[in-house]
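J.: Next comes final-v3.cif, mmCIF, C-alpha atoms:
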```cif
data_entry
loop_
_atom_site.label_atom_id
_atom_site.label_comp_id
_atom_site.auth_asym_id
_atom_site.auth_seq_id
_atom_site.Cartn_x
_atom_site.Cartn_y
_atom_site.Cartn_z
CA MET A 1 -184.76 -103.24 -32.68
CA THR A 2 -186.04 -102.36 -36.16
CA SER A 3 -185.11 -105.75 -37.60
CA MET A 4 -187.13 -107.52 -34.93
CA ARG A 5 -190.17 -105.40 -35.71
CA SER A 6 -189.87 -106.20 -39.40
CA PHE A 7 -188.96 -109.86 -39.47
CA LEU A 8 -189.21 -113.06 -37.50
CA THR A 9 -186.06 -115.16 -37.25
CA ILE A 10 -186.50 -118.81 -36.40
CA LEU A 11 -184.13 -121.72 -36.00
CA SER A 12 -184.92 -125.41 -36.19
CA ILE A 13 -182.58 -128.21 -35.21
CA ALA A 14 -182.63 -131.97 -35.83
CA LEU A 15 -181.59 -133.97 -32.77
CA LEU A 16 -182.63 -137.50 -31.73
CA PHE A 17 -184.35 -140.50 -33.33
CA VAL A 18 -186.23 -143.69 -32.32
CA PRO A 19 -187.87 -146.57 -34.30
CA LEU A 20 -189.97 -145.87 -37.37
CA PRO A 21 -193.74 -146.54 -37.36
CA ALA A 22 -195.45 -148.22 -40.30
CA ARG A 23 -196.32 -146.23 -43.41
CA ALA A 24 -199.77 -144.62 -43.30
CA ALA A 25 -202.27 -143.70 -46.01
CA SER A 26 -203.96 -140.30 -46.25
CA ASP A 27 -207.29 -141.73 -45.06
CA SER A 28 -205.62 -143.21 -41.96
CA PHE A 29 -205.93 -139.90 -40.13
CA SER A 30 -209.09 -138.32 -38.81
CA THR A 31 -209.86 -134.64 -39.31
CA GLU A 32 -209.19 -134.12 -35.60
CA GLU A 33 -205.75 -135.74 -35.88
CA LEU A 34 -204.82 -133.57 -38.86
CA ILE A 35 -205.98 -130.37 -37.16
CA ALA A 36 -204.02 -131.31 -34.03
CA GLY A 37 -200.94 -132.05 -36.13
CA PHE A 38 -201.29 -128.74 -37.96
CA GLU A 39 -201.54 -126.81 -34.70
CA LYS A 40 -198.61 -128.63 -33.10
CA THR A 41 -196.26 -127.90 -36.03
CA VAL A 42 -197.43 -124.53 -37.38
CA PHE A 43 -197.92 -122.73 -34.05
CA GLY A 44 -195.15 -122.43 -31.51
CA LEU A 45 -191.44 -123.05 -31.94
CA GLU A 46 -189.10 -125.76 -30.76
CA TYR A 47 -186.85 -123.00 -29.38
CA ARG A 48 -189.26 -120.23 -28.41
CA SER A 49 -186.62 -117.97 -26.90
CA TRP A 50 -185.29 -117.34 -30.42
CA SER A 51 -188.51 -115.71 -31.60
CA TRP A 52 -190.75 -112.87 -30.54
CA ARG A 53 -193.83 -113.94 -32.52
CA PRO A 54 -194.17 -117.74 -32.74
CA TYR A 55 -197.94 -118.20 -32.61
CA GLN A 56 -198.78 -117.08 -36.14
CA VAL A 57 -198.88 -118.82 -39.50
CA LYS A 58 -195.58 -118.63 -41.38
CA LYS A 59 -195.48 -119.56 -45.08
CA PHE A 60 -194.12 -118.42 -48.42
CA THR A 61 -196.56 -116.41 -50.53
CA LYS A 62 -194.28 -116.26 -53.58
CA PRO A 63 -192.56 -119.03 -55.57
CA VAL A 64 -189.77 -120.65 -53.57
CA LEU A 65 -186.48 -120.49 -55.48
CA PHE A 66 -183.89 -122.88 -54.08
CA TYR A 67 -180.15 -122.73 -54.55
CA VAL A 68 -177.94 -125.59 -53.37
CA HIS A 69 -174.38 -124.83 -52.20
CA ASN A 70 -172.61 -128.19 -52.18
CA LEU A 71 -169.57 -127.60 -49.99
CA SER A 72 -169.06 -131.20 -48.85
CA ARG A 73 -166.57 -133.58 -50.42
CA ARG A 74 -169.45 -135.66 -51.79
CA ASP A 75 -171.64 -133.98 -54.38
CA ARG A 76 -175.22 -134.24 -53.08
CA ARG A 77 -176.84 -131.78 -55.47
CA ASN A 78 -178.79 -134.36 -57.48
CA THR A 79 -180.36 -135.78 -54.33
CA VAL A 80 -181.28 -132.35 -52.98
CA HIS A 81 -182.67 -131.23 -56.35
CA ARG A 82 -184.76 -134.40 -56.55
CA PHE A 83 -186.28 -133.73 -53.13
CA ILE A 84 -186.98 -130.11 -54.06
CA ARG A 85 -188.91 -131.35 -57.11
CA GLU A 86 -190.79 -133.80 -54.89
CA ILE A 87 -191.80 -130.94 -52.60
CA GLY A 88 -193.16 -129.00 -55.57
CA ASN A 89 -195.08 -132.01 -56.88
CA ARG A 90 -196.62 -132.97 -53.55
CA ILE A 91 -197.68 -129.62 -52.07
CA GLY A 92 -200.60 -127.87 -53.71
CA GLY A 93 -200.50 -124.07 -53.65
CA LEU A 94 -196.70 -123.99 -53.57
CA THR A 95 -194.46 -123.29 -56.56
CA THR A 96 -190.82 -124.34 -56.36
CA ALA A 97 -187.88 -124.02 -58.72
CA ILE A 98 -184.10 -124.30 -58.63
CA ALA A 99 -182.32 -121.00 -59.20
CA LYS A 100 -179.12 -120.81 -61.23
CA ASP A 101 -177.95 -117.76 -59.30
CA PRO A 102 -177.91 -117.72 -55.47
CA ALA A 103 -178.72 -114.01 -55.57
CA ARG A 104 -182.16 -114.90 -56.95
CA ALA A 105 -182.88 -117.62 -54.40
CA ASN A 106 -185.09 -117.14 -51.34
CA PHE A 107 -184.24 -120.58 -49.92
CA GLU A 108 -180.54 -121.48 -49.81
CA VAL A 109 -179.40 -124.98 -48.89
CA TYR A 110 -175.83 -125.57 -47.70
CA VAL A 111 -174.61 -129.18 -47.86
CA VAL A 112 -171.54 -129.45 -45.67
CA ASP A 113 -169.22 -131.89 -43.96
CA ARG A 114 -169.31 -131.78 -40.16
CA SER A 115 -166.07 -129.79 -39.95
CA GLN A 116 -167.70 -127.07 -42.08
CA TYR A 117 -170.99 -126.94 -40.15
CA GLU A 118 -170.20 -124.33 -37.52
CA PRO A 119 -168.21 -121.99 -39.82
CA VAL A 120 -170.93 -122.05 -42.49
CA VAL A 121 -173.73 -121.36 -40.00
CA LYS A 122 -171.85 -118.42 -38.55
CA LYS A 123 -170.56 -116.95 -41.81
CA ASP A 124 -173.24 -117.72 -44.38
CA VAL A 125 -176.46 -118.14 -42.38
CA TYR A 126 -176.09 -115.73 -39.46
CA LYS A 127 -173.19 -113.59 -40.69
CA ASN A 128 -172.10 -113.42 -37.07
CA ASP A 129 -168.92 -115.02 -35.74
CA ARG A 130 -170.42 -115.13 -32.23
CA ALA A 131 -173.63 -116.87 -33.24
CA ARG A 132 -174.62 -119.95 -31.26
CA VAL A 133 -174.49 -123.09 -33.42
CA PRO A 134 -176.40 -125.97 -31.78
CA GLY A 135 -177.76 -129.17 -33.27
CA ARG A 136 -176.74 -131.61 -35.96
CA CYS A 137 -178.32 -129.62 -38.80
CA LEU A 138 -180.59 -126.56 -38.88
CA VAL A 139 -182.77 -124.14 -40.80
CA ARG A 140 -183.18 -120.41 -40.27
CA VAL A 141 -186.40 -118.70 -41.36
CA VAL A 142 -186.86 -114.95 -41.69
CA SER A 143 -190.54 -114.02 -41.80
CA GLY A 144 -192.80 -111.00 -41.47
CA SER A 145 -196.52 -110.28 -41.51
CA ARG A 146 -196.69 -110.94 -45.26
CA GLY A 147 -195.03 -114.32 -45.09
CA ILE A 148 -191.60 -115.90 -45.15
CA LYS A 149 -189.01 -113.71 -46.81
CA ARG A 150 -186.18 -116.24 -46.94
CA SER A 151 -184.89 -119.47 -45.45
CA ALA A 152 -181.47 -121.09 -45.21
CA ALA A 153 -180.81 -124.73 -44.29
CA VAL A 154 -177.51 -126.40 -43.40
CA ILE A 155 -177.38 -130.17 -43.99
CA VAL A 156 -174.50 -132.41 -42.89
CA SER A 157 -173.39 -134.87 -45.56
CA ASP A 158 -170.63 -137.00 -44.05
CA GLU A 159 -172.22 -138.60 -40.96
CA GLY A 160 -174.21 -141.35 -42.65
CA GLU A 161 -177.09 -141.64 -45.09
CA PHE A 162 -179.77 -141.64 -42.43
CA LEU A 163 -178.72 -138.35 -40.87
CA PHE A 164 -178.27 -136.72 -44.28
CA LYS A 165 -181.72 -137.77 -45.52
CA ARG A 166 -183.42 -137.04 -42.20
CA CYS A 167 -181.94 -133.56 -42.04
CA LEU A 168 -182.66 -132.87 -45.69
CA VAL A 169 -186.36 -133.69 -45.31
CA GLU A 170 -186.93 -132.07 -41.91
CA GLU A 171 -185.02 -128.84 -42.45
CA LEU A 172 -186.31 -128.13 -45.96
CA LEU A 173 -189.91 -128.78 -44.90
CA GLN A 174 -189.56 -126.71 -41.73
CA GLY A 175 -188.06 -123.92 -43.80
CA LEU A 176 -191.43 -123.71 -45.54
CA GLY A 177 -193.23 -122.83 -42.29
CA PRO A 178 -194.13 -125.69 -39.89
CA MET A 179 -191.39 -124.86 -37.41
CA ASN A 180 -192.37 -126.75 -34.28
CA ASP A 181 -191.50 -130.32 -33.23
CA ASP A 182 -193.76 -132.45 -31.05
CA SER A 183 -193.04 -135.85 -29.54
CA GLU A 184 -196.65 -136.98 -30.03
CA LEU A 185 -196.41 -136.84 -33.84
CA ILE A 186 -195.30 -140.41 -34.45
CA HIS A 187 -196.06 -140.28 -38.18
CA SER A 188 -194.08 -137.07 -38.72
CA VAL A 189 -190.53 -135.95 -39.31
CA PHE A 190 -191.44 -132.96 -37.09
CA ASN A 191 -190.60 -135.02 -34.03
CA ASP A 192 -187.06 -135.31 -32.72
CA SER A 193 -187.90 -138.74 -31.31
CA SER A 194 -189.03 -140.26 -34.62
CA ARG A 195 -186.85 -142.09 -37.12
CA HIS A 196 -188.47 -140.91 -40.33
CA SER A 197 -186.19 -139.92 -43.17
CA ARG A 198 -188.77 -139.34 -45.91
CA PHE A 199 -191.64 -137.00 -46.72
CA THR A 200 -194.36 -138.92 -44.87
CA VAL A 201 -198.01 -138.91 -45.87
CA PHE A 202 -198.87 -137.18 -42.60
CA ASP A 203 -196.40 -134.38 -43.32
CA GLN A 204 -197.66 -134.07 -46.88
CA LEU A 205 -201.13 -133.48 -45.43
CA ILE A 206 -199.85 -130.85 -42.99
CA LEU A 207 -197.95 -128.98 -45.72
CA ASN A 208 -200.94 -129.11 -48.06
CA MET A 209 -203.08 -127.67 -45.29
CA LEU A 210 -200.55 -124.90 -44.65
CA TYR A 211 -200.35 -123.94 -48.33
CA ASP A 212 -204.10 -123.96 -48.85
CA PRO A 213 -205.03 -120.40 -49.95
CA ARG A 214 -207.51 -120.12 -47.08
CA ILE A 215 -204.58 -120.22 -44.63
CA LYS A 216 -202.94 -116.77 -44.60
CA PRO A 217 -199.61 -115.61 -43.13
CA GLY A 218 -200.09 -114.03 -39.73
CA MET A 219 -203.28 -115.95 -38.90
CA SER A 220 -203.68 -117.06 -35.29
CA MET A 221 -204.69 -120.52 -34.16
CA LYS A 222 -208.19 -119.24 -33.41
CA GLN A 223 -208.54 -117.80 -36.91
CA THR A 224 -207.40 -120.99 -38.65
CA ARG A 225 -209.82 -123.16 -36.66
CA GLN A 226 -212.71 -121.63 -38.58
CA VAL A 227 -211.52 -123.13 -41.87
CA LEU A 228 -209.28 -126.08 -40.91
CA PRO A 229 -211.97 -128.82 -41.14
CA LEU A 230 -212.55 -127.99 -44.82
CA VAL A 231 -208.84 -127.45 -45.42
CA ALA A 232 -208.05 -130.88 -43.94
CA ARG A 233 -210.74 -132.52 -46.07
CA ASP A 234 -209.36 -130.97 -49.27
CA ALA A 235 -205.76 -131.82 -48.33
CA ARG A 236 -206.75 -135.47 -47.91
CA ARG A 237 -208.16 -135.45 -51.44
CA ARG A 238 -204.88 -134.09 -52.85
CA VAL A 239 -202.58 -136.51 -51.02
CA ARG A 240 -202.76 -140.10 -52.29
#
```
What would you get if you wrote out this structure as structure tokens?
T.:
Amino acid sequence: MTSMRSFLTILSIALLFVPLPARAASDSFSTEELIAGFEKTVFGLEYRSWSWRPYQVKKFTKPVLFYVHNLSRRDRRNTVHRFIREIGNRIGGLTTAIAKDPARANFEVYVVDRSQYEPVVKKDVYKNDRARVPGRCLVRVVSGSRGIKRSAAVIVSDEGEFLFKRCLVEELLQGLGPMNDDSELIHSVFNDSSRHSRFTVFDQLILNMLYDPRIKPGMSMKQTRQVLPLVARDARRRVR
């Protein structure tokens, strides 16, 4: 299909959680640990059957313009906007802003109550009434050889503060490119067995590595390995 040749469509889902490890500092991780974390999250997909090209770098190459659709009974826009600003402040090489018009946004965030989750995913994210809607929250990423074109996240608001915050952090960060989860990443939200609900230092390092200008969309794991030691070193200097 033409659309499959042009773009990569990816879905990420938040599922299960276990106890939270202690907070770590940026110098707590070796270069080898950071490179391993980068490779586990950036290459591969949690649900590989939904993609035809998972083993390449996916990232935005233009400013990310967010628009928040608050459809839930509780207005969560201030919290989501605050996290969007945190993303922009903590990731070097990435420019973020909040759009006033959804037509201008390339990253839409839908905050919904559980009863709205499936209808919104089908109607607004996939535009397909027969689309499969798994998980407790999700993000869809559409990407091509020149980078991510757009992302859309659906966050559930009315099933407790932990789930809301966990989904907000995981889905917005995964919508920027690190799409895979791995159970070995105990310091990361990119792990369905962890209980993190914040932008951890480890994840800040991974995102700063991904948005380093030396890491290009479409690069393979082999290509990134040539520069990742220096990229990891510089990311550690930026994250404090």
J.: Just checking: using only C-alpha atoms, which residue out of A:Leu163, A:Leu71, A:Leu138, A:Met219 ends up closest to Met179 (chain A)?
T.: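 Of the candidates, the smallest distance to Met179 (chain A) is held by A:Leu138.
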J.: Please evaluate the PyMOL selection byres ((chain A and resi 76) around 12) against the structure above and give the resulting residues as number ranges by chain.
T.: A: 68-75, 77-83, 109-113, 155-158, 161, 164-165, 168
J.: May I have the residues at most 9 Å from (-201.3, -128.2, -37.6) in the file's coordinates, counting only C-alpha atoms, as a PyMOL selection string?
T.: chain A and resi 33-43+178+206-207+209-210+228
J.: Do a neighbour search on region 211-215 of chain A at 8 Å with only C-alpha atoms, toss out local chain neighbours closer than 3 positions, and write the hits as a count of residues only.
T.: 12
J.: Using Å and a single decimal, report how far CA of Ala103 (chain A) sits from CA of Ala153 (chain A).
T.: 15.7 Å
J.: CA of Ser145 (chain A) and CA of Gly175 (chain A) are how many Å apart?
T.: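 Here the two named atoms are 16.2 Å from each other.
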J.: May I ask for the distance between CA of Arg150 (chain A) and CA of Phe60 (chain A), given in Å to one decimal place?
T.: 8.4 Å
J.: Here's the selection I'm unsure about, the PyMOL selection byres ((chain A and resi 183) around 8); applied to the file above, which residues does it give, as a list in words?
T.: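 On this input, the PyMOL selection byres ((chain A and resi 183) around 8) captures Asp181, Asp182, Glu184, Leu185, Ile186, Asn191, Asp192, Ser193 and Ser194 of chain A.
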J.: Please identify all polymer residues within 10 Å of Val189 (chain A), counting only C-alpha atoms, omitting same-chain residues fewer than 4 positions from it, and present them as a count of residues only.
T.: 22
J.: Select, from A:Ala99, A:Ser30, A:Arg225, A:Leu176, the residue with the minimum atom-to-atom distance to Ser143 (chain A), counting all atoms listed in the file.
T.: A:Leu176
